[in-house]
$ cat model22.txt   # compact mmCIF, C-alpha atoms
# COMPACT_ATOMS: atom_id res chain seq x y z
CA SER A 1 -30.41 -2.18 15.78
CA LEU A 2 -26.69 -1.62 15.17
CA ARG A 3 -25.40 1.90 14.63
CA SER A 4 -22.24 2.50 12.62
CA ARG A 5 -20.04 5.54 12.26
CA GLU A 6 -18.52 6.15 8.85
CA ILE A 7 -16.27 8.66 7.12
CA ARG A 8 -17.72 10.34 4.04
CA LEU A 9 -16.16 12.47 1.32
CA ALA A 10 -17.57 15.95 2.03
CA ALA A 11 -15.74 17.80 -0.74
CA ARG A 12 -13.33 17.00 -3.56
CA PRO A 13 -9.86 18.15 -2.46
CA VAL A 14 -7.94 20.70 -4.50
CA GLY A 15 -4.26 19.86 -4.09
CA GLN A 16 -3.45 18.72 -0.57
CA PRO A 17 -6.58 17.30 1.14
CA THR A 18 -7.68 18.88 4.43
CA PRO A 19 -9.83 17.62 7.32
CA ALA A 20 -12.71 19.71 5.93
CA ASP A 21 -12.88 17.36 2.92
CA PHE A 22 -14.18 14.59 5.22
CA GLU A 23 -17.19 14.21 7.50
CA LEU A 24 -18.12 11.72 10.22
CA ALA A 25 -21.67 10.37 10.01
CA THR A 26 -23.68 7.82 12.01
CA VAL A 27 -26.05 5.44 10.22
CA ASP A 28 -28.29 2.47 11.04
CA VAL A 29 -26.83 -0.83 9.87
CA PRO A 30 -29.38 -2.58 7.62
CA GLU A 31 -30.26 -6.24 8.04
CA PRO A 32 -28.31 -8.48 5.64
CA ALA A 33 -30.17 -9.76 2.60
CA ASP A 34 -29.92 -13.34 1.42
CA GLY A 35 -26.26 -14.12 0.60
CA GLN A 36 -24.97 -11.16 2.61
CA ILE A 37 -22.94 -10.78 5.80
CA VAL A 38 -22.46 -8.05 8.41
CA VAL A 39 -18.85 -7.41 9.43
CA ARG A 40 -17.72 -5.51 12.53
CA ASN A 41 -14.55 -3.89 11.20
CA THR A 42 -11.57 -4.03 13.56
CA TRP A 43 -8.84 -2.72 11.23
CA MET A 44 -8.87 -0.57 8.10
CA SER A 45 -6.22 0.57 5.69
CA VAL A 46 -5.45 4.04 4.36
CA ASP A 47 -3.37 4.09 1.18
CA PRO A 48 -1.85 6.70 -1.14
CA TYR A 49 -3.89 5.54 -4.17
CA MET A 50 -7.06 6.72 -2.41
CA ARG A 51 -6.05 10.30 -3.19
CA GLY A 52 -6.74 9.68 -6.89
CA ARG A 53 -10.23 8.36 -6.14
CA MET A 54 -11.08 11.69 -4.48
CA ASP A 55 -10.82 13.46 -7.84
CA ASP A 56 -13.74 13.24 -10.26
CA ALA A 57 -11.56 11.91 -13.06
CA PRO A 58 -11.63 8.69 -15.10
CA SER A 59 -9.15 6.09 -13.87
CA TYR A 60 -8.79 2.34 -13.39
CA ILE A 61 -11.17 2.56 -10.41
CA PRO A 62 -14.28 4.77 -10.12
CA PRO A 63 -14.00 7.99 -8.09
CA PHE A 64 -15.41 8.14 -4.58
CA ALA A 65 -18.94 9.58 -4.49
CA LEU A 66 -19.48 12.88 -2.70
CA GLY A 67 -21.52 12.51 0.49
CA ALA A 68 -21.00 8.74 0.60
CA ALA A 69 -18.71 6.62 2.75
CA LEU A 70 -15.20 6.11 1.38
CA GLU A 71 -13.97 2.59 0.61
CA GLY A 72 -10.80 0.62 1.13
CA SER A 73 -9.34 -2.58 2.52
CA ALA A 74 -10.58 -3.62 5.93
CA LEU A 75 -10.61 -6.63 8.23
CA GLY A 76 -13.19 -7.65 10.77
CA GLU A 77 -15.39 -10.26 12.38
CA VAL A 78 -18.64 -11.54 10.88
CA VAL A 79 -21.43 -10.72 13.36
CA ALA A 80 -24.40 -11.74 11.19
CA SER A 81 -24.61 -13.99 8.15
CA ARG A 82 -27.16 -15.08 5.59
CA ALA A 83 -24.52 -16.89 3.54
CA ALA A 84 -23.56 -20.51 4.15
CA SER A 85 -20.03 -19.87 2.84
CA VAL A 86 -19.11 -17.31 5.54
CA PRO A 87 -20.25 -18.17 9.08
CA VAL A 88 -20.70 -15.85 12.05
CA GLY A 89 -17.38 -15.54 13.89
CA ALA A 90 -15.22 -15.79 10.77
CA THR A 91 -12.44 -13.25 10.25
CA VAL A 92 -12.66 -11.68 6.79
CA THR A 93 -11.01 -9.05 4.65
CA HIS A 94 -13.11 -6.96 2.28
CA PHE A 95 -13.23 -3.55 0.59
CA LEU A 96 -15.76 -1.60 2.68
CA GLY A 97 -13.45 0.19 5.07
CA TRP A 98 -13.94 3.70 6.45
CA ARG A 99 -16.94 2.46 8.49
CA GLU A 100 -17.41 0.53 11.73
CA TYR A 101 -19.86 -2.03 10.32
CA ALA A 102 -20.07 -3.21 6.73
CA VAL A 103 -22.93 -5.06 5.02
CA LEU A 104 -21.79 -6.83 1.88
CA ASP A 105 -22.27 -9.84 -0.36
CA ALA A 106 -20.37 -12.81 1.00
CA ALA A 107 -18.68 -13.10 -2.40
CA GLY A 108 -16.98 -9.76 -1.70
CA ALA A 109 -15.27 -11.06 1.45
CA THR A 110 -12.24 -13.31 1.86
CA VAL A 111 -12.08 -15.54 4.92
CA VAL A 112 -8.60 -15.47 6.47
CA ASP A 113 -6.96 -17.70 9.07
CA PRO A 114 -6.28 -15.63 12.21
CA ALA A 115 -3.96 -18.40 13.45
CA LEU A 116 -1.61 -17.94 10.48
CA ALA A 117 -0.64 -14.33 11.26
CA PRO A 118 -1.82 -11.38 13.39
CA PRO A 119 -5.04 -9.88 12.02
CA GLU A 120 -3.43 -6.63 10.91
CA ALA A 121 -0.89 -8.56 8.77
CA TRP A 122 -3.71 -9.43 6.36
CA LEU A 123 -3.95 -5.75 5.40
CA GLY A 124 -0.16 -5.28 5.06
CA PRO A 125 2.39 -7.96 4.20
CA LEU A 126 -0.27 -10.62 3.53
CA GLY A 127 -2.57 -8.14 1.77
CA THR A 128 -2.33 -6.23 -1.49
CA THR A 129 0.68 -4.22 -0.29
CA GLY A 130 2.80 -7.34 0.15
CA LEU A 131 1.41 -8.75 -3.08
CA THR A 132 2.38 -5.52 -4.88
CA ALA A 133 6.02 -6.02 -3.87
CA TYR A 134 5.93 -9.66 -4.97
CA ALA A 135 4.25 -9.06 -8.33
CA ALA A 136 6.53 -6.09 -9.08
CA LEU A 137 9.74 -8.04 -8.52
CA THR A 138 8.64 -11.36 -10.05
CA ARG A 139 6.47 -10.24 -12.99
CA THR A 140 6.48 -6.54 -13.79
CA ALA A 141 10.23 -5.93 -13.40
CA PRO A 142 11.40 -9.51 -12.89
CA MET A 143 14.55 -9.78 -10.81
CA ARG A 144 17.47 -11.99 -11.62
CA GLU A 145 20.09 -13.43 -9.32
CA GLY A 146 22.84 -10.87 -8.66
CA ASP A 147 20.77 -7.81 -9.65
CA VAL A 148 21.29 -4.39 -8.07
CA VAL A 149 17.84 -3.24 -6.95
CA PHE A 150 16.62 0.27 -6.06
CA ILE A 151 13.33 0.79 -4.21
CA SER A 152 11.69 4.17 -3.54
CA ALA A 153 9.41 4.87 -0.55
CA ALA A 154 11.47 2.07 0.96
CA ALA A 155 10.20 2.51 4.52
CA GLY A 156 6.56 2.43 3.40
CA ALA A 157 4.10 -0.45 3.25
CA VAL A 158 5.25 -1.82 -0.12
CA GLY A 159 8.89 -0.77 0.08
CA SER A 160 9.62 -2.24 3.51
CA VAL A 161 8.53 -5.66 2.20
CA ALA A 162 10.08 -5.22 -1.26
CA GLY A 163 13.60 -4.65 0.02
CA GLN A 164 13.59 -7.87 2.02
CA LEU A 165 11.95 -9.74 -0.85
CA ALA A 166 14.63 -8.51 -3.27
CA ARG A 167 17.25 -10.00 -0.95
CA LYS A 168 15.37 -13.34 -0.82
CA LEU A 169 15.16 -13.33 -4.63
CA GLY A 170 18.95 -13.08 -4.89
CA ALA A 171 19.75 -9.37 -5.25
CA SER A 172 23.43 -8.55 -4.79
CA VAL A 173 22.75 -5.01 -3.53
CA VAL A 174 19.47 -3.52 -2.29
CA ILE A 175 19.20 0.29 -2.15
CA GLY A 176 16.26 2.19 -0.70
CA SER A 177 15.24 5.83 -0.51
CA ALA A 178 13.24 7.43 2.29
CA GLY A 179 12.75 10.84 3.91
CA GLY A 180 14.73 11.74 7.00
CA PRO A 181 17.40 10.12 9.19
CA ALA A 182 14.99 8.04 11.32
CA LYS A 183 13.63 6.25 8.27
CA THR A 184 16.98 5.73 6.54
CA LYS A 185 18.34 4.23 9.78
CA LYS A 186 15.35 1.89 9.87
CA LEU A 187 16.06 0.78 6.29
CA LEU A 188 19.51 -0.37 7.33
CA ASP A 189 18.74 -1.69 10.84
CA THR A 190 15.30 -3.28 10.43
CA PHE A 191 14.50 -3.83 6.78
CA GLY A 192 17.87 -5.17 5.66
CA TYR A 193 18.83 -2.60 3.03
CA ASP A 194 22.51 -2.29 2.03
CA ALA A 195 22.28 1.43 1.36
CA ALA A 196 19.75 4.09 2.33
CA LEU A 197 19.34 7.38 0.47
CA ASP A 198 17.68 10.35 2.20
CA TYR A 199 15.87 12.21 -0.59
CA ARG A 200 15.75 15.33 1.60
CA GLN A 201 19.57 15.49 1.61
CA GLY A 202 20.65 16.75 -1.79
CA SER A 203 20.66 15.23 -5.25
CA LEU A 204 19.11 11.81 -5.43
CA GLY A 205 21.00 11.04 -8.66
CA GLU A 206 24.35 11.72 -6.99
CA GLN A 207 23.43 9.64 -3.93
CA LEU A 208 22.32 6.76 -6.17
CA ALA A 209 25.56 6.94 -8.19
CA GLN A 210 27.54 6.63 -4.94
CA ALA A 211 25.48 3.68 -3.70
CA ALA A 212 25.52 1.91 -7.09
CA PRO A 213 28.61 3.11 -8.99
CA ASP A 214 28.05 0.48 -11.70
CA GLY A 215 24.34 1.19 -12.02
CA ILE A 216 21.11 -0.60 -11.14
CA ASP A 217 19.18 -3.42 -12.80
CA VAL A 218 15.71 -3.08 -11.27
CA TYR A 219 13.78 -0.10 -9.91
CA LEU A 220 10.44 -0.28 -8.07
CA ASP A 221 8.87 3.17 -8.43
CA SER A 222 6.28 4.41 -5.95
CA VAL A 223 7.30 8.07 -6.16
CA GLY A 224 7.84 9.24 -9.75
CA GLY A 225 9.40 12.66 -10.42
CA ASP A 226 13.04 13.04 -9.40
CA HIS A 227 13.21 9.41 -8.20
CA LEU A 228 12.27 8.09 -11.62
CA GLN A 229 14.70 10.53 -13.24
CA ALA A 230 17.54 9.25 -11.05
CA ALA A 231 16.66 5.62 -11.66
CA VAL A 232 16.54 6.01 -15.44
CA GLY A 233 19.96 7.66 -15.26
CA ALA A 234 21.40 4.82 -13.19
CA LEU A 235 19.83 1.98 -15.16
CA ARG A 236 22.13 -0.57 -16.78
CA THR A 237 21.58 -2.10 -20.20
CA GLY A 238 18.52 -4.36 -20.06
CA GLY A 239 17.29 -2.79 -16.83
CA ARG A 240 13.66 -3.04 -15.71
CA ILE A 241 11.41 -0.50 -13.99
CA ALA A 242 8.04 -1.28 -12.36
CA LEU A 243 5.80 1.80 -12.18
CA VAL A 244 3.65 1.17 -9.11
CA GLY A 245 2.86 4.70 -7.92
CA ALA A 246 3.83 8.36 -8.15
CA ILE A 247 3.10 9.83 -4.74
CA SER A 248 5.25 12.90 -5.44
CA GLY A 249 2.54 14.18 -7.79
CA TYR A 250 -0.71 13.05 -6.14
CA ASN A 251 -1.54 16.46 -4.67
CA ALA A 252 -0.19 18.48 -7.61
CA THR A 253 -2.58 21.04 -9.08
CA THR A 254 -0.42 21.49 -12.20
CA PRO A 255 1.24 18.67 -14.16
CA ALA A 256 4.08 17.19 -12.10
CA PRO A 257 7.47 17.43 -13.81
CA GLY A 258 8.44 14.14 -15.38
CA PRO A 259 11.86 12.70 -16.18
CA ASP A 260 13.58 14.44 -19.10
CA ASN A 261 15.96 11.52 -19.74
CA LEU A 262 13.58 8.85 -21.05
CA TYR A 263 15.53 8.49 -24.30
CA GLN A 264 18.18 6.74 -22.21
CA LEU A 265 15.76 3.80 -22.04
CA ALA A 266 16.25 3.31 -25.77
CA ILE A 267 20.04 3.42 -25.52
CA LYS A 268 19.96 1.02 -22.57
CA GLU A 269 17.32 -1.23 -24.17
CA ALA A 270 15.52 -0.99 -20.85
CA GLY A 271 11.91 -1.66 -19.99
CA VAL A 272 9.37 0.40 -18.06
CA ARG A 273 6.10 -1.29 -17.20
CA GLY A 274 3.10 -0.01 -15.30
CA MET A 275 1.44 -2.25 -12.74
CA LEU A 276 -1.95 -2.53 -11.02
CA VAL A 277 -1.99 -5.08 -8.22
CA THR A 278 -5.58 -6.00 -9.15
CA SER A 279 -4.21 -7.71 -12.28
CA HIS A 280 -2.06 -10.05 -10.16
CA LEU A 281 -4.53 -11.40 -7.61
CA ASP A 282 -3.88 -14.91 -8.96
CA LEU A 283 -0.50 -14.72 -7.19
CA PHE A 284 -2.13 -14.31 -3.76
CA PRO A 285 -2.06 -17.99 -2.65
CA GLU A 286 1.58 -18.35 -3.72
CA TRP A 287 2.58 -15.11 -1.98
CA ILE A 288 0.67 -15.81 1.25
CA GLY A 289 2.23 -19.26 1.44
CA LYS A 290 5.72 -17.78 1.29
CA ALA A 291 5.13 -14.60 3.30
CA ALA A 292 3.26 -16.27 6.18
CA ALA A 293 6.16 -18.67 6.65
CA TRP A 294 8.68 -15.80 6.57
CA LEU A 295 6.64 -13.80 9.09
CA ALA A 296 6.48 -16.84 11.35
CA ASP A 297 10.24 -17.54 11.22
CA GLY A 298 11.11 -13.87 11.63
CA SER A 299 12.91 -13.51 8.30
CA LEU A 300 10.32 -10.99 7.02
CA ARG A 301 10.25 -8.01 9.37
CA THR A 302 7.31 -5.63 9.16
CA GLU A 303 6.11 -2.55 10.95
CA GLN A 304 2.81 -0.76 11.21
CA THR A 305 1.93 2.79 12.14
CA VAL A 306 -1.38 2.52 14.01
CA VAL A 307 -3.96 5.24 14.64
CA ASP A 308 -6.95 4.53 16.89
CA GLY A 309 -10.60 5.26 16.13
CA ILE A 310 -12.69 5.80 13.01
CA GLU A 311 -12.74 9.56 13.66
CA GLN A 312 -8.94 9.59 13.23
CA ALA A 313 -9.02 7.89 9.81
CA PRO A 314 -8.82 11.15 7.81
CA SER A 315 -5.75 12.33 9.73
CA ALA A 316 -4.15 8.89 9.23
CA PHE A 317 -4.79 9.20 5.49
CA LEU A 318 -3.32 12.71 5.37
CA GLY A 319 -0.32 11.31 7.25
CA VAL A 320 0.27 8.66 4.57
CA LEU A 321 0.39 11.34 1.88
CA ASN A 322 2.99 13.24 3.94
CA GLY A 323 5.16 10.22 4.78
CA ALA A 324 4.16 10.06 8.46
CA ASN A 325 4.13 6.26 8.41
CA THR A 326 6.80 3.61 8.71
CA GLY A 327 5.49 0.40 7.15
CA LYS A 328 1.74 0.11 6.71
CA MET A 329 -0.53 2.86 8.05
CA LEU A 330 -3.55 1.28 9.72
CA VAL A 331 -6.57 2.50 11.66
CA ARG A 332 -7.73 0.31 14.56
CA LEU A 333 -11.47 0.47 15.14
CA GLU A 334 -12.46 -0.29 18.71
CA THR A 335 -16.22 -0.54 18.22
CA ASN A 336 -18.23 -2.43 20.84
CA ARG A 337 -15.20 -4.14 22.28
$ encode --input "model22.txt" --output "structure tokens"
Amino acid sequence: SLRSREIRLAARPVGQPTPADFELATVDVPEPADGQIVVRNTWMSVDPYMRGRMDDAPSYIPPFALGAALEGSALGEVVASRAASVPVGATVTHFLGWREYAVLDAAGATVVDPALAPPEAWLGPLGTTGLTAYAALTRTAPMREGDVVFISAAAGAVGSVAGQLARKLGASVVIGSAGGPAKTKKLLDTFGYDAALDYRQGSLGEQLAQAAPDGIDVYLDSVGGDHLQAAVGALRTGGRIALVGAISGYNATTPAPGPDNLYQLAIKEAGVRGMLVTSHLDLFPEWIGKAAAWLADGSLRTEQTVVDGIEQAPSAFLGVLNGANTGKMLVRLETNR
């Protein structure tokens, strides 16, 4: 029978997670029941939002269970099937990452076309990270032609796509923030940003005022804290903010400081709207149609940071929380190759 290694949550982290909060276990892979498939995972995703699921707190998604395998987006090949809709040999995405083999209902898997894009693209630009950028800029904080757009975590999985998308949607100026000179250079050279702010180099508000002296119209927030404060300050009348994440506070053990200038939103008649990508899955076909064509013609440039082996998944996840990635952080699983 098949054996599968998996990463389990060993303890609930307090503040910054550590390797001791995870454990590697080996299990027998059960036979699929009627309507189920077995997937040999080849790629899995680690994402900042997973930090919230490690806390035993009510949220939009249930917390991870202690002593059980973690979950997250993954891609792999179907090696056994008792479902007519998903044959053996199909490439699928699903939500049972953090393990080498997954047994799941066929309804929980999405068959993807490996000829349309490289397999790992289905977890990044063609996955929920790309969709997050698209939904944020078309629905949550809808962009208009000529807008000045500011994107935080701009070298990350969502931000690296969002900057290029803003340009395609007609932005006049696209500004991104990132940590350190290597990433800010990449924003300008690879991801097509007009201006790159290094949040480690002094006041973000002052840097934003220099890059956008007349203010900004749209802000995509993945960071919260001082980034949101700066964006509210720079917002023009009628501006829009999409609240997608707040990574600056994910490991905080006391309440993270919030912006103290929110009343400016009233004066500016501006809008702030929260966003969960799971509410916008209906946009997937539209987004994949556009993004796959842009990937193919080279007008959408993406990067991945790849870590090899299931045993390295916890360190890859810790890296995401510390900004170790450019583009999407992925773990490549080389089981039974």
$ atom_distance --input "model22.txt" --atom1 "atom CA of Ala212 of chain A" --atom2 "atom CA of Gly258 of chain A"
22.6 Å
$ residues_around --input "model22.txt" --residues "segment 203-207 of chain A" --least-positions-apart "4" --cutoff "7 Å" --atoms "all atoms listed in the file" --output "JSON, numbers by chain"
{"A": [197, 199, 211, 227, 230]}
$ closest_residue --input "model22.txt" --among "A:Gly97, A:Pro13, A:Gly127, A:Gly146" --to "Ile310 of chain A" --atoms "only C-alpha atoms"
A:Gly97
$ closest_residue --input "model22.txt" --among "A:Pro181, A:Gly233, A:Gly245, A:Pro213" --to "Pro48 of chain A" --atoms "all atoms listed in the file"
A:Gly245
$ closest_residue --input "model22.txt" --among "A:Leu276, A:Ala136, A:Met143, A:Val307" --to "Ala242 of chain A" --atoms "only C-alpha atoms"
A:Ala136
$ closest_residue --input "model22.txt" --among "A:Pro30, A:Gly35, A:Gly215, A:Gly323" --to "Ala109 of chain A" --atoms "all atoms listed in the file"
A:Gly35
$ closest_residue --input "model22.txt" --among "A:Leu96, A:Leu220, A:Ala178, A:Leu228" --to "Arg200 of chain A" --atoms "all atoms listed in the file"
A:Ala178
$ atom_distance --input "model22.txt" --atom1 "atom CA of Val149 of chain A" --atom2 "atom CA of Ala195 of chain A"
10.5 Å
$ closest_residue --input "model22.txt" --among "A:Leu318, A:Ala296, A:Ala102, A:Ala157" --to "Leu2 of chain A" --atoms "all atoms listed in the file"
A:Ala102
$ residues_around --input "model22.txt" --residues "Thr128 of chain A" --least-positions-apart "6" --cutoff "9 Å" --atoms "only C-alpha atoms" --output "PyMOL selection string"
chain A and resi 73+122+158+277-278+281+284
$ residues_around --input "model22.txt" --residues "Ala166 of chain A" --least-positions-apart "3" --cutoff "10 Å" --atoms "only C-alpha atoms" --output "list in words"
Ala133, Tyr134, Leu137, Thr138, Met143, Arg144, Glu145, Asp147, Val148, Val149, Phe150, Ile151, Val161, Ala162, Gly163, Leu169, Gly170, Ala171, Ser172, Val173, Val174, Ile175, Tyr193 and Val218 of chain A
$ closest_atom_pairs --input "model22.txt" --of "segment 183-224 of chain A" --to "segment 268-275 of chain A" --cutoff "10 Å" --atoms "only C-alpha atoms" --output "tab-separated table"
residue	atom	partner	partner_atom	distance
A:Asp217	CA	A:Ala270	CA	9.2
A:Val218	CA	A:Gly271	CA	9.6
A:Tyr219	CA	A:Val272	CA	9.3
A:Asp221	CA	A:Gly274	CA	9.5
$ atom_distance --input "model22.txt" --atom1 "atom CA of Lys328 of chain A" --atom2 "atom CA of Ala154 of chain A"
11.5 Å
$ residues_around --input "model22.txt" --residues "Val103 of chain A" --least-positions-apart "6" --cutoff "7 Å" --atoms "only C-alpha atoms" --output "short mmCIF file (atom, residue, chain, number, x, y, z; two decimals) with C-alpha atoms, in the coordinates of the input"
data_model
loop_
_atom_site.label_atom_id
_atom_site.label_comp_id
_atom_site.auth_asym_id
_atom_site.auth_seq_id
_atom_site.Cartn_x
_atom_site.Cartn_y
_atom_site.Cartn_z
CA PRO A 32 -28.31 -8.48 5.64
CA GLN A 36 -24.97 -11.16 2.61
CA ILE A 37 -22.94 -10.78 5.80
CA VAL A 38 -22.46 -8.05 8.41
CA VAL A 39 -18.85 -7.41 9.43
#
$ decode --input "model22.txt" --residues "segment 19-80 of chain A" --atoms "C-alpha atoms" --output "PDB file, in the first residue's frame"
ATOM      1  CA  PRO A  19       9.746  24.551  13.772  1.00  0.00           C
ATOM      2  CA  ALA A  20       8.670  22.890  17.043  1.00  0.00           C
ATOM      3  CA  ASP A  21       5.043  23.787  16.220  1.00  0.00           C
ATOM      4  CA  PHE A  22       5.114  21.255  13.353  1.00  0.00           C
ATOM      5  CA  GLU A  23       5.744  17.517  13.116  1.00  0.00           C
ATOM      6  CA  LEU A  24       6.420  15.158  10.214  1.00  0.00           C
ATOM      7  CA  ALA A  25       4.391  11.936  10.263  1.00  0.00           C
ATOM      8  CA  THR A  26       4.085   8.934   7.942  1.00  0.00           C
ATOM      9  CA  VAL A  27       0.694   7.337   7.331  1.00  0.00           C
ATOM     10  CA  ASP A  28      -0.852   4.601   5.164  1.00  0.00           C
ATOM     11  CA  VAL A  29      -2.897   5.988   2.297  1.00  0.00           C
ATOM     12  CA  PRO A  30      -6.425   4.523   2.466  1.00  0.00           C
ATOM     13  CA  GLU A  31      -8.159   3.081  -0.580  1.00  0.00           C
ATOM     14  CA  PRO A  32     -10.521   5.599  -2.211  1.00  0.00           C
ATOM     15  CA  ALA A  33     -14.228   5.147  -1.549  1.00  0.00           C
ATOM     16  CA  ASP A  34     -16.828   5.440  -4.273  1.00  0.00           C
ATOM     17  CA  GLY A  35     -16.633   8.940  -5.806  1.00  0.00           C
ATOM     18  CA  GLN A  36     -13.137   9.562  -4.432  1.00  0.00           C
ATOM     19  CA  ILE A  37      -9.697   9.978  -5.989  1.00  0.00           C
ATOM     20  CA  VAL A  38      -6.109   9.587  -4.792  1.00  0.00           C
ATOM     21  CA  VAL A  39      -3.751  12.400  -5.789  1.00  0.00           C
ATOM     22  CA  ARG A  40       0.051  12.262  -5.710  1.00  0.00           C
ATOM     23  CA  ASN A  41       0.836  15.861  -4.816  1.00  0.00           C
ATOM     24  CA  THR A  42       3.683  17.424  -6.802  1.00  0.00           C
ATOM     25  CA  TRP A  43       3.357  21.053  -5.647  1.00  0.00           C
ATOM     26  CA  MET A  44       1.872  22.708  -2.574  1.00  0.00           C
ATOM     27  CA  SER A  45       1.378  26.282  -1.509  1.00  0.00           C
ATOM     28  CA  VAL A  46       2.247  27.999   1.763  1.00  0.00           C
ATOM     29  CA  ASP A  47       0.404  31.274   2.362  1.00  0.00           C
ATOM     30  CA  PRO A  48       0.315  33.992   5.025  1.00  0.00           C
ATOM     31  CA  TYR A  49      -3.378  33.404   5.845  1.00  0.00           C
ATOM     32  CA  MET A  50      -2.458  29.954   7.208  1.00  0.00           C
ATOM     33  CA  ARG A  51      -1.004  31.659  10.284  1.00  0.00           C
ATOM     34  CA  GLY A  52      -4.519  32.626  11.394  1.00  0.00           C
ATOM     35  CA  ARG A  53      -5.743  29.036  11.085  1.00  0.00           C
ATOM     36  CA  MET A  54      -3.073  27.968  13.594  1.00  0.00           C
ATOM     37  CA  ASP A  55      -4.831  29.929  16.342  1.00  0.00           C
ATOM     38  CA  ASP A  56      -7.876  28.410  18.017  1.00  0.00           C
ATOM     39  CA  ALA A  57     -10.046  31.422  17.256  1.00  0.00           C
ATOM     40  CA  PRO A  58     -13.273  31.861  15.280  1.00  0.00           C
ATOM     41  CA  SER A  59     -12.702  33.164  11.759  1.00  0.00           C
ATOM     42  CA  TYR A  60     -14.019  32.784   8.215  1.00  0.00           C
ATOM     43  CA  ILE A  61     -12.316  29.374   8.016  1.00  0.00           C
ATOM     44  CA  PRO A  62     -12.057  26.778  10.814  1.00  0.00           C
ATOM     45  CA  PRO A  63      -8.765  26.529  12.728  1.00  0.00           C
ATOM     46  CA  PHE A  64      -6.333  23.729  11.954  1.00  0.00           C
ATOM     47  CA  ALA A  65      -6.759  20.749  14.307  1.00  0.00           C
ATOM     48  CA  LEU A  66      -3.892  19.896  16.641  1.00  0.00           C
ATOM     49  CA  GLY A  67      -2.193  16.617  15.746  1.00  0.00           C
ATOM     50  CA  ALA A  68      -3.761  16.540  12.269  1.00  0.00           C
ATOM     51  CA  ALA A  69      -2.277  17.329   8.872  1.00  0.00           C
ATOM     52  CA  LEU A  70      -2.443  20.977   7.837  1.00  0.00           C
ATOM     53  CA  GLU A  71      -4.356  21.958   4.690  1.00  0.00           C
ATOM     54  CA  GLY A  72      -3.827  24.282   1.769  1.00  0.00           C
ATOM     55  CA  SER A  73      -3.766  24.537  -1.999  1.00  0.00           C
ATOM     56  CA  ALA A  74      -1.933  21.775  -3.821  1.00  0.00           C
ATOM     57  CA  LEU A  75      -1.556  20.330  -7.304  1.00  0.00           C
ATOM     58  CA  GLY A  76      -0.879  16.777  -8.337  1.00  0.00           C
ATOM     59  CA  GLU A  77      -1.591  13.779 -10.509  1.00  0.00           C
ATOM     60  CA  VAL A  78      -4.518  11.407  -9.988  1.00  0.00           C
ATOM     61  CA  VAL A  79      -3.060   7.929  -9.342  1.00  0.00           C
ATOM     62  CA  ALA A  80      -6.311   6.144  -8.435  1.00  0.00           C
TER      63      ALA A  80
END
